[in-house]
>>> print(open('query_19.csv').read())   # CSV, C-alpha atoms
chain,number,residue,atom,x,y,z
H,1,MET,CA,87.5,84.3,100.1
H,2,THR,CA,89.1,83.4,96.8
H,3,PRO,CA,87.9,85.1,93.6
H,4,GLY,CA,86.7,81.9,92.1
H,5,ALA,CA,84.5,81.0,95.0
H,6,ASP,CA,81.9,83.7,95.2
H,7,ALA,CA,79.6,83.2,98.1
H,8,HIS,CA,76.8,85.2,96.4
H,9,PRO,CA,75.2,83.2,93.6
H,10,GLU,CA,73.4,86.3,92.4
H,11,THR,CA,76.5,88.1,91.4
H,12,PRO,CA,77.8,88.1,87.8
H,13,ALA,CA,80.9,86.4,89.0
H,14,ALA,CA,78.9,83.4,90.1
H,15,ALA,CA,77.1,83.3,86.8
H,16,LEU,CA,80.5,83.0,85.1
H,17,GLY,CA,81.4,80.1,87.3
H,18,ALA,CA,81.4,77.6,84.4
H,19,ALA,CA,83.8,79.7,82.3
H,20,TRP,CA,85.9,79.9,85.4
H,21,ASN,CA,85.9,76.2,85.8
H,22,LEU,CA,87.0,75.8,82.2
H,23,LEU,CA,90.3,77.3,83.2
H,24,ASP,CA,91.0,74.0,85.0
H,25,ALA,CA,91.7,72.6,81.5
H,26,LEU,CA,95.0,74.5,81.5
H,27,PRO,CA,97.8,72.1,82.4
H,28,ARG,CA,100.2,72.6,85.3
H,29,SER,CA,103.6,73.1,83.7
H,30,SER,CA,106.7,71.4,85.1
H,31,SER,CA,110.1,72.8,84.8
H,32,THR,CA,112.9,70.9,82.9
H,33,PRO,CA,115.0,68.7,85.1
H,34,SER,CA,118.1,70.8,84.8
H,35,MET,CA,116.3,74.1,85.7
H,36,THR,CA,117.2,73.9,89.4
H,37,SER,CA,120.9,73.5,88.7
H,38,THR,CA,121.0,76.1,86.0
H,39,THR,CA,119.1,78.6,88.2
H,40,LEU,CA,121.6,78.0,91.0
H,41,GLU,CA,124.5,78.4,88.6
H,42,MET,CA,123.1,81.6,87.3
H,43,VAL,CA,122.6,83.0,90.8
H,44,ALA,CA,126.1,81.9,91.8
H,45,ALA,CA,127.6,83.5,88.7
H,46,SER,CA,125.6,86.7,89.4
H,47,ALA,CA,126.8,86.8,93.0
H,48,ALA,CA,130.4,86.2,92.0
H,49,ALA,CA,130.1,89.0,89.5
H,50,VAL,CA,128.8,91.3,92.1
H,51,HIS,CA,131.6,90.5,94.6
H,52,ALA,CA,134.4,90.5,92.0
H,53,PRO,CA,136.6,93.5,92.4
H,54,GLY,CA,136.3,96.1,89.7
H,55,SER,CA,133.1,94.7,88.2
H,56,GLN,CA,129.9,96.2,89.6
H,57,ARG,CA,131.1,98.9,91.9
H,58,PRO,CA,133.0,101.0,89.4
H,59,VAL,CA,130.2,100.9,86.9
H,60,THR,CA,127.8,102.2,89.6
H,61,PHE,CA,130.5,104.8,90.7
H,62,TRP,CA,131.1,106.1,87.2
H,63,ARG,CA,127.4,106.1,86.5
H,64,SER,CA,126.8,108.3,89.6
H,65,ILE,CA,129.7,110.5,88.5
H,66,MET,CA,128.1,110.9,85.1
H,67,HIS,CA,124.8,111.8,86.7
H,68,TRP,CA,125.7,114.6,89.0
H,69,ALA,CA,129.4,115.2,89.6
H,70,LEU,CA,130.3,116.1,86.0
H,71,PRO,CA,127.5,118.7,85.6
H,72,ALA,CA,128.3,120.1,89.0
H,73,ALA,CA,132.0,120.4,88.0
H,74,ALA,CA,131.1,122.0,84.7
H,75,VAL,CA,129.0,124.7,86.6
H,76,ILE,CA,131.7,125.4,89.1
H,77,GLY,CA,134.4,125.5,86.3
H,78,GLY,CA,132.2,127.9,84.3
H,79,LEU,CA,131.8,130.2,87.3
H,80,PHE,CA,135.6,130.2,88.0
H,81,LEU,CA,136.3,130.9,84.3
H,82,GLY,CA,133.9,133.8,84.3
H,83,PHE,CA,135.5,135.3,87.4
H,84,ILE,CA,139.0,135.1,85.8
H,85,LEU,CA,137.8,136.5,82.5
H,86,GLY,CA,136.0,139.3,84.2
H,87,ARG,CA,139.0,140.2,86.3
H,88,ALA,CA,141.2,140.2,83.2
H,89,THR,CA,139.0,142.4,81.1
H,90,LEU,CA,137.9,144.9,83.8
H,91,PRO,CA,139.4,148.5,83.3
H,92,PRO,CA,141.4,150.0,86.2
H,93,PRO,CA,139.4,151.8,88.9
H,94,GLU,CA,140.2,155.3,87.7
H,95,ARG,CA,138.8,154.4,84.2
H,96,ARG,CA,135.6,152.8,85.4
H,97,PRO,CA,132.5,154.8,85.1
H,98,GLY,CA,131.7,156.1,88.6
H,99,GLY,CA,135.0,154.8,89.8
H,100,ASN,CA,136.2,158.2,91.2
H,101,LEU,CA,132.7,159.2,92.4
H,102,LEU,CA,134.0,160.5,95.8
H,103,GLU,CA,136.3,162.9,94.1
H,104,ARG,CA,133.5,164.1,91.8
H,105,ILE,CA,131.2,164.7,94.8
H,106,GLU,CA,133.9,166.7,96.5
H,107,GLN,CA,134.3,168.8,93.3
H,108,LEU,CA,130.6,169.4,93.1
H,109,GLU,CA,130.4,170.5,96.8
H,110,GLN,CA,133.3,172.9,96.2
H,111,GLN,CA,131.5,174.4,93.2
H,112,GLN,CA,128.4,174.8,95.3
H,113,ARG,CA,130.3,176.5,98.1
H,114,GLU,CA,131.9,178.9,95.6
H,115,GLN,CA,128.5,179.7,94.0
H,116,ARG,CA,127.0,180.3,97.4
H,117,GLY,CA,129.9,182.6,98.3
H,118,ARG,CA,129.5,184.6,95.1
H,119,ALA,CA,125.8,184.9,95.8
H,120,GLU,CA,126.4,186.3,99.3
H,121,GLU,CA,129.0,188.7,97.9
H,122,TRP,CA,126.5,189.9,95.3
H,123,LYS,CA,123.9,190.5,98.0
H,124,ARG,CA,126.3,192.5,100.1
H,125,ARG,CA,127.2,194.8,97.2
H,126,PRO,CA,125.8,198.4,97.5
H,127,PRO,CA,123.0,199.4,95.2
H,128,LEU,CA,123.9,201.2,91.9
H,129,SER,CA,124.1,205.1,92.3
H,130,PRO,CA,122.3,207.2,89.8
H,131,GLN,CA,124.5,209.0,87.2
H,132,PRO,CA,125.0,212.7,87.7
H,133,GLY,CA,122.7,215.0,85.6
H,134,ARG,CA,120.2,212.4,85.1
H,135,PRO,CA,117.3,212.2,87.5
H,136,ASN,CA,116.4,208.6,86.7
H,137,GLY,CA,120.0,207.5,86.6
H,138,ARG,CA,119.9,206.5,83.1
H,139,PRO,CA,122.8,207.3,80.8
H,140,ALA,CA,122.2,210.2,78.5
H,141,PRO,CA,121.3,209.3,75.0
H,142,ARG,CA,124.0,209.7,72.5
H,143,GLU,CA,123.8,212.6,70.2
H,144,MET,CA,123.5,211.8,66.5
H,145,PRO,CA,126.5,213.0,64.6
H,146,ALA,CA,125.7,215.8,62.1
H,147,GLN,CA,125.0,214.5,58.6
H,148,PRO,CA,127.2,216.0,55.9
H,149,ARG,CA,125.3,218.1,53.5
O,1,MET,CA,108.0,77.1,120.3
O,2,THR,CA,110.5,79.5,118.7
O,3,VAL,CA,109.5,82.3,116.3
O,4,ALA,CA,111.2,80.4,113.4
O,5,SER,CA,109.2,77.2,114.1
O,6,GLU,CA,106.0,79.2,114.4
O,7,LEU,CA,106.7,80.9,111.1
O,8,ALA,CA,107.6,77.5,109.5
O,9,ALA,CA,104.2,76.2,110.6
O,10,VAL,CA,102.3,79.2,109.2
O,11,ASP,CA,104.3,80.0,106.1
O,12,PRO,CA,107.0,77.4,105.3
O,13,SER,CA,108.4,79.4,102.4
O,14,ALA,CA,108.9,82.4,104.6
O,15,ALA,CA,110.8,80.3,107.1
O,16,ILE,CA,113.1,79.0,104.3
O,17,MET,CA,113.5,82.6,103.0
O,18,LEU,CA,114.7,83.7,106.4
O,19,ARG,CA,117.4,81.0,106.2
O,20,VAL,CA,118.3,82.4,102.8
O,21,HIS,CA,118.4,85.8,104.4
O,22,ASP,CA,121.0,84.4,106.8
O,23,GLY,CA,123.2,83.1,103.9
O,24,ASP,CA,122.0,79.5,103.8
O,25,ALA,CA,122.7,78.3,100.2
O,26,GLU,CA,120.9,75.0,100.8
O,27,ALA,CA,117.8,76.9,101.8
O,28,PHE,CA,117.9,78.8,98.6
O,29,GLU,CA,118.0,75.5,96.7
O,30,GLN,CA,115.0,74.3,98.6
O,31,LEU,CA,113.2,77.5,97.8
O,32,VAL,CA,113.9,77.1,94.1
O,33,ALA,CA,112.7,73.5,94.2
O,34,LEU,CA,109.6,74.5,96.0
O,35,TRP,CA,108.6,77.4,93.7
O,36,GLN,CA,110.0,76.7,90.3
O,37,ASP,CA,107.1,74.7,88.9
O,38,ARG,CA,104.5,77.1,90.2
O,39,LEU,CA,106.3,80.1,88.7
O,40,VAL,CA,106.9,78.2,85.4
O,41,THR,CA,103.2,77.4,85.3
O,42,LEU,CA,102.3,81.0,85.9
O,43,PHE,CA,104.6,82.4,83.3
O,44,ARG,CA,103.8,79.6,80.8
O,45,HIS,CA,100.2,80.7,80.7
O,46,HIS,CA,101.1,84.3,80.9
O,47,THR,CA,103.6,84.3,78.0
O,48,GLY,CA,102.4,81.2,76.1
O,49,ASP,CA,106.0,79.9,75.8
O,50,HIS,CA,107.6,77.4,78.0
O,51,SER,CA,111.3,78.4,77.6
O,52,THR,CA,110.4,82.0,78.1
O,53,ALA,CA,108.5,81.0,81.2
O,54,GLU,CA,111.6,79.2,82.6
O,55,ASP,CA,113.8,82.2,81.8
O,56,LEU,CA,111.4,84.5,83.7
O,57,ALA,CA,111.2,82.1,86.6
O,58,GLN,CA,115.0,82.2,86.8
O,59,GLU,CA,114.9,86.0,86.7
O,60,VAL,CA,112.5,85.9,89.7
O,61,PHE,CA,114.9,83.6,91.7
O,62,LEU,CA,117.8,85.9,90.8
O,63,ARG,CA,115.8,88.9,92.1
O,64,VAL,CA,114.8,87.0,95.2
O,65,TYR,CA,118.5,86.2,95.9
O,66,ARG,CA,119.5,89.8,95.4
O,67,ALA,CA,116.8,91.0,97.7
O,68,ARG,CA,117.5,88.5,100.4
O,69,ALA,CA,119.3,90.9,102.7
O,70,GLY,CA,116.2,93.2,102.9
O,71,TYR,CA,113.6,90.4,103.3
O,72,LYS,CA,111.3,90.7,106.3
O,73,PRO,CA,108.4,88.3,106.8
O,74,THR,CA,105.9,91.1,107.2
O,75,ALA,CA,103.5,89.5,104.7
O,76,LYS,CA,103.0,86.1,103.2
O,77,PHE,CA,106.0,84.9,101.2
O,78,SER,CA,103.7,84.1,98.3
O,79,THR,CA,102.6,87.7,98.1
O,80,TRP,CA,106.3,88.9,98.1
O,81,ILE,CA,107.3,86.5,95.3
O,82,HIS,CA,104.2,87.2,93.3
O,83,THR,CA,105.0,90.9,93.4
O,84,ILE,CA,108.5,90.1,92.0
O,85,ALA,CA,106.9,87.8,89.4
O,86,ASN,CA,104.5,90.6,88.4
O,87,ASN,CA,107.4,93.0,88.1
O,88,VAL,CA,109.4,90.6,85.9
O,89,ALA,CA,106.3,90.2,83.7
O,90,SER,CA,106.0,93.9,83.5
O,91,ASP,CA,109.6,94.3,82.5
O,92,LEU,CA,109.1,91.7,79.8
O,93,ARG,CA,106.1,93.7,78.5
O,94,GLN,CA,108.2,96.9,78.4
O,95,ARG,CA,111.0,95.1,76.6
O,96,ALA,CA,108.5,93.8,74.1
O,97,TYR,CA,107.0,97.2,73.7
O,98,ARG,CA,110.5,98.8,73.1
O,99,ARG,CA,111.2,96.0,70.6
O,100,ARG,CA,108.0,96.9,68.8
O,101,GLU,CA,108.9,100.6,68.9
O,102,HIS,CA,112.2,99.8,67.2
O,103,GLY,CA,110.7,97.5,64.7
O,104,MET,CA,112.6,94.4,66.1
O,105,PRO,CA,111.1,91.0,65.9
O,106,MET,CA,109.5,89.6,69.0
O,107,ASN,CA,110.6,86.3,70.3
O,108,VAL,CA,108.0,86.0,73.0
O,109,SER,CA,104.3,86.1,73.0
O,110,ALA,CA,103.9,88.5,75.9
O,111,SER,CA,101.8,90.9,74.0
O,112,SER,CA,99.6,88.3,72.6
O,113,SER,CA,96.5,90.3,73.7
O,114,ALA,CA,96.4,91.4,70.1
O,115,ILE,CA,94.7,88.0,69.3
O,116,GLY,CA,91.3,88.9,68.1
O,117,LEU,CA,88.1,87.8,69.7
O,118,GLU,CA,87.0,86.6,66.3
O,119,GLN,CA,89.8,84.1,66.0
O,120,ILE,CA,89.0,82.7,69.4
O,121,ALA,CA,85.3,82.7,68.8
O,122,VAL,CA,85.8,80.8,65.5
O,123,ALA,CA,87.9,78.2,67.4
O,124,ALA,CA,85.2,77.9,70.1
O,125,SER,CA,82.2,78.1,67.8
O,126,GLY,CA,80.1,75.5,66.2
O,127,GLN,CA,82.4,75.2,63.2
O,128,ARG,CA,83.7,72.1,64.8
O,129,PRO,CA,82.0,69.2,63.1
O,130,ALA,CA,81.1,67.1,66.0
O,131,ARG,CA,81.5,69.7,68.8
O,132,GLN,CA,83.3,67.0,70.7
O,133,ALA,CA,86.5,68.7,71.4
O,134,ASP,CA,88.9,66.5,73.2
O,135,ARG,CA,90.8,67.7,76.2
O,136,GLY,CA,93.8,68.8,74.1
O,137,GLU,CA,91.6,70.9,71.9
O,138,LEU,CA,89.9,72.4,74.9
O,139,GLN,CA,93.3,73.3,76.4
O,140,ASP,CA,94.3,75.0,73.2
O,141,VAL,CA,91.1,77.0,73.1
O,142,VAL,CA,91.3,78.0,76.8
O,143,GLN,CA,94.9,78.9,76.3
O,144,GLU,CA,94.0,81.1,73.4
O,145,ALA,CA,91.2,82.7,75.4
O,146,ILE,CA,93.7,83.4,78.2
O,147,ARG,CA,96.0,85.0,75.7
O,148,GLY,CA,93.2,87.2,74.5
O,149,LEU,CA,93.0,88.9,77.9
O,150,SER,CA,94.9,92.0,78.6
O,151,ASP,CA,98.2,91.5,80.4
O,152,ASN,CA,96.8,92.7,83.7
O,153,GLN,CA,93.7,90.7,83.4
O,154,ARG,CA,95.7,87.6,82.5
O,155,MET,CA,98.0,88.0,85.5
O,156,ALA,CA,95.1,88.5,87.9
O,157,VAL,CA,93.3,85.5,86.5
O,158,LEU,CA,96.4,83.3,86.7
O,159,LEU,CA,97.2,84.4,90.3
O,160,ALA,CA,93.6,83.7,91.3
O,161,LYS,CA,93.2,80.4,89.5
O,162,PHE,CA,96.6,78.8,89.8
O,163,GLU,CA,97.9,80.4,93.0
O,164,GLN,CA,94.6,80.6,94.8
O,165,CYS,CA,95.4,84.2,95.7
O,166,SER,CA,92.7,86.3,97.4
O,167,TYR,CA,91.7,89.7,96.2
O,168,ASP,CA,94.0,91.3,98.8
O,169,GLU,CA,96.9,89.2,97.7
O,170,ILE,CA,96.4,89.9,94.1
O,171,ALA,CA,96.1,93.6,94.8
O,172,ALA,CA,99.3,93.6,96.8
O,173,ALA,CA,101.2,91.7,94.2
O,174,MET,CA,100.0,93.9,91.3
O,175,GLY,CA,100.1,97.2,93.1
O,176,LEU,CA,96.4,97.7,92.7
O,177,THR,CA,93.4,98.4,95.0
O,178,VAL,CA,91.1,95.6,95.9
O,179,PRO,CA,88.1,97.2,94.0
O,180,ALA,CA,90.4,97.5,90.9
O,181,VAL,CA,91.3,93.8,91.1
O,182,LYS,CA,87.6,92.9,91.5
O,183,SER,CA,86.8,95.0,88.4
O,184,LEU,CA,89.8,93.5,86.5
O,185,LEU,CA,88.6,89.9,87.3
O,186,PHE,CA,85.0,90.6,86.5
O,187,ARG,CA,85.9,92.0,83.1
O,188,ALA,CA,88.3,89.1,82.5
O,189,ARG,CA,85.6,86.5,83.4
O,190,GLU,CA,83.1,88.4,81.1
O,191,GLN,CA,85.5,88.1,78.3
O,192,LEU,CA,86.3,84.5,79.0
O,193,ARG,CA,82.6,83.7,79.0
O,194,GLU,CA,82.2,85.4,75.7
O,195,MET,CA,85.1,83.5,74.2
O,196,LEU,CA,84.4,80.1,75.9
O,197,GLY,CA,80.6,80.3,75.8
O,198,PRO,CA,80.1,77.2,73.5
O,199,TYR,CA,82.3,75.1,75.7
O,200,GLU,CA,80.6,76.4,78.8
O,201,ARG,CA,77.2,75.4,77.5
O,202,GLU,CA,78.5,71.9,76.7
O,203,GLY,CA,79.5,71.6,80.3
O,204,HIS,CA,83.1,70.9,79.8
O,205,ARG,CA,85.0,70.9,83.0
>>> encode(input="query_19.csv", output="structure tokens")
Amino acid sequence: MTPGADAHPETPAAALGAAWNLLDALPRSSSTPSMTSTTLEMVAASAAAVHAPGSQRPVTFWRSIMHWALPAAAVIGGLFLGFILGRATLPPPERRPGGNLLERIEQLEQQQREQRGRAEEWKRRPPLSPQPGRPNGRPAPREMPAQPR
Amino acid sequence: MTVASELAAVDPSAAIMLRVHDGDAEAFEQLVALWQDRLVTLFRHHTGDHSTAEDLAQEVFLRVYRARAGYKPTAKFSTWIHTIANNVASDLRQRAYRRREHGMPMNVSASSSAIGLEQIAVAASGQRPARQADRGELQDVVQEAIRGLSDNQRMAVLLAKFEQCSYDEIAAAMGLTVPAVKSLLFRAREQLREMLGPYEREGHR
């Protein structure tokens, strides 16, 4: 069914049939006599341009390069440069914070062992004996020197 | 009966296009000769300018030639070429829009939907002394009315009227759904009735 030929007369489209028919007043255009030849020449020129070496393909190639390869190269180059700069500015291992961590741990363990040994030694020490002449073991109070008169 | 001869009987343009697909230059010339007047008519009424219409028709043929390698006769050839024609018209619209954006003068009347209803209504109203518009005047008024439609409405109307396309074919060519095309054509016909009412009542045909 074509849009202009509505089978249902009750539809608005059918009511507009007269306006639709007015479009028949529009003329059919005809092309100029040379149009066929100019069209074929244009298509031939376009085909020749496509097949000509160094015409279309490099443009497409470079366009694709511009679209993804250059940004990708920039990212990779940036990462490489960052790696090189990081290596160049990094301090030697012994000067890095936490660089000699194992040695430090060993020192701490040694300190702990020494502290533990001292503690054991202190525990094994005999208790303090009371001082002679004093029942509570306290030292005798010092006598005040005589004041000059 | 071979597949090619069956196709030639059903859709002669598709059979010719298959020869173009195979690299037959003579077939392409046949195709141009067969379709150029139809395309020029379509674009002439779409843009309102004959030389622009020829340029656009040539652009369609150029795209047909470039797409020949991928052509498969899965649908009617007319639907395929109408799709290309609609794309070419859309590109023209976008170029015209960009020109407008950049303040450049327009050399085509593709965006002529700016023509006011009043202007058309005046032309079609009783201001004519004898209300006896001859065929030339009627053509002008109808052309103005067509130009008063939106771009999509105009393309749908032209495909329906001049190419006798069905709703399905118009929908396929314009990338729309069938209900959308029906709505588009209904609104176009309403607008045409509004603009061409006086002539309609006079019974011009």
>>> closest_atom_pairs(input="query_19.csv", of="chain O", to="chain H", cutoff="8 Å", atoms="only C-alpha atoms", output="tab-separated table")
residue	atom	partner	partner_atom	distance
O:Glu29	CA	H:Leu40	CA	7.2
O:Val32	CA	H:Thr36	CA	6.6
O:Ala33	CA	H:Thr36	CA	6.6
O:Gln36	CA	H:Ser31	CA	6.7
O:Asp37	CA	H:Ser30	CA	5.0
O:Arg38	CA	H:Ser29	CA	7.7
O:Val40	CA	H:Ser31	CA	6.3
O:Thr41	CA	H:Ser29	CA	4.6
O:Arg44	CA	H:Ser29	CA	7.1
O:Glu54	CA	H:Ser31	CA	6.9
O:Gln58	CA	H:Thr39	CA	5.6
O:Phe61	CA	H:Thr39	CA	7.4
O:Leu62	CA	H:Val43	CA	5.6
O:Tyr65	CA	H:Val43	CA	7.3
O:Arg135	CA	H:Ala25	CA	7.3
O:Leu138	CA	H:Ala25	CA	6.8
O:Gln139	CA	H:Ala25	CA	5.4
O:Val142	CA	H:Leu23	CA	6.5
O:Gln143	CA	H:Leu26	CA	6.8
O:Ala160	CA	H:Pro3	CA	6.3
O:Lys161	CA	H:Gly4	CA	7.2
O:Gln164	CA	H:Thr2	CA	6.5
O:Cys165	CA	H:Thr2	CA	6.4
O:Ser166	CA	H:Thr2	CA	4.7
O:Tyr167	CA	H:Pro3	CA	6.5
O:Leu185	CA	H:Pro3	CA	8.0
O:Phe186	CA	H:Ala13	CA	6.4
O:Arg189	CA	H:Leu16	CA	6.4
O:Glu190	CA	H:Leu16	CA	7.2
O:Leu192	CA	H:Ala19	CA	6.3
O:Arg193	CA	H:Ala19	CA	5.3
O:Leu196	CA	H:Ala19	CA	6.4
O:Gly197	CA	H:Ala19	CA	7.3
O:Glu200	CA	H:Ala19	CA	5.8
O:Gly203	CA	H:Ala18	CA	7.5
O:His204	CA	H:Leu22	CA	6.7
O:Arg205	CA	H:Leu22	CA	5.4
>>> atom_distance(input="query_19.csv", atom1="CA of Met155 in chain O", atom2="CA of Leu39 in chain O")
11.9 Å
>>> residues_around(input="query_19.csv", residues="Trp80 in chain O", least_positions_apart="3", cutoff="12 Å", atoms="only C-alpha atoms", output="ChimeraX atom specification")
/O:13-14,17,60-61,63-64,67-68,70-77,83-87,169-175
>>> atom_distance(input="query_19.csv", atom1="CA of Gln153 in chain O", atom2="CA of His46 in chain O")
10.1 Å
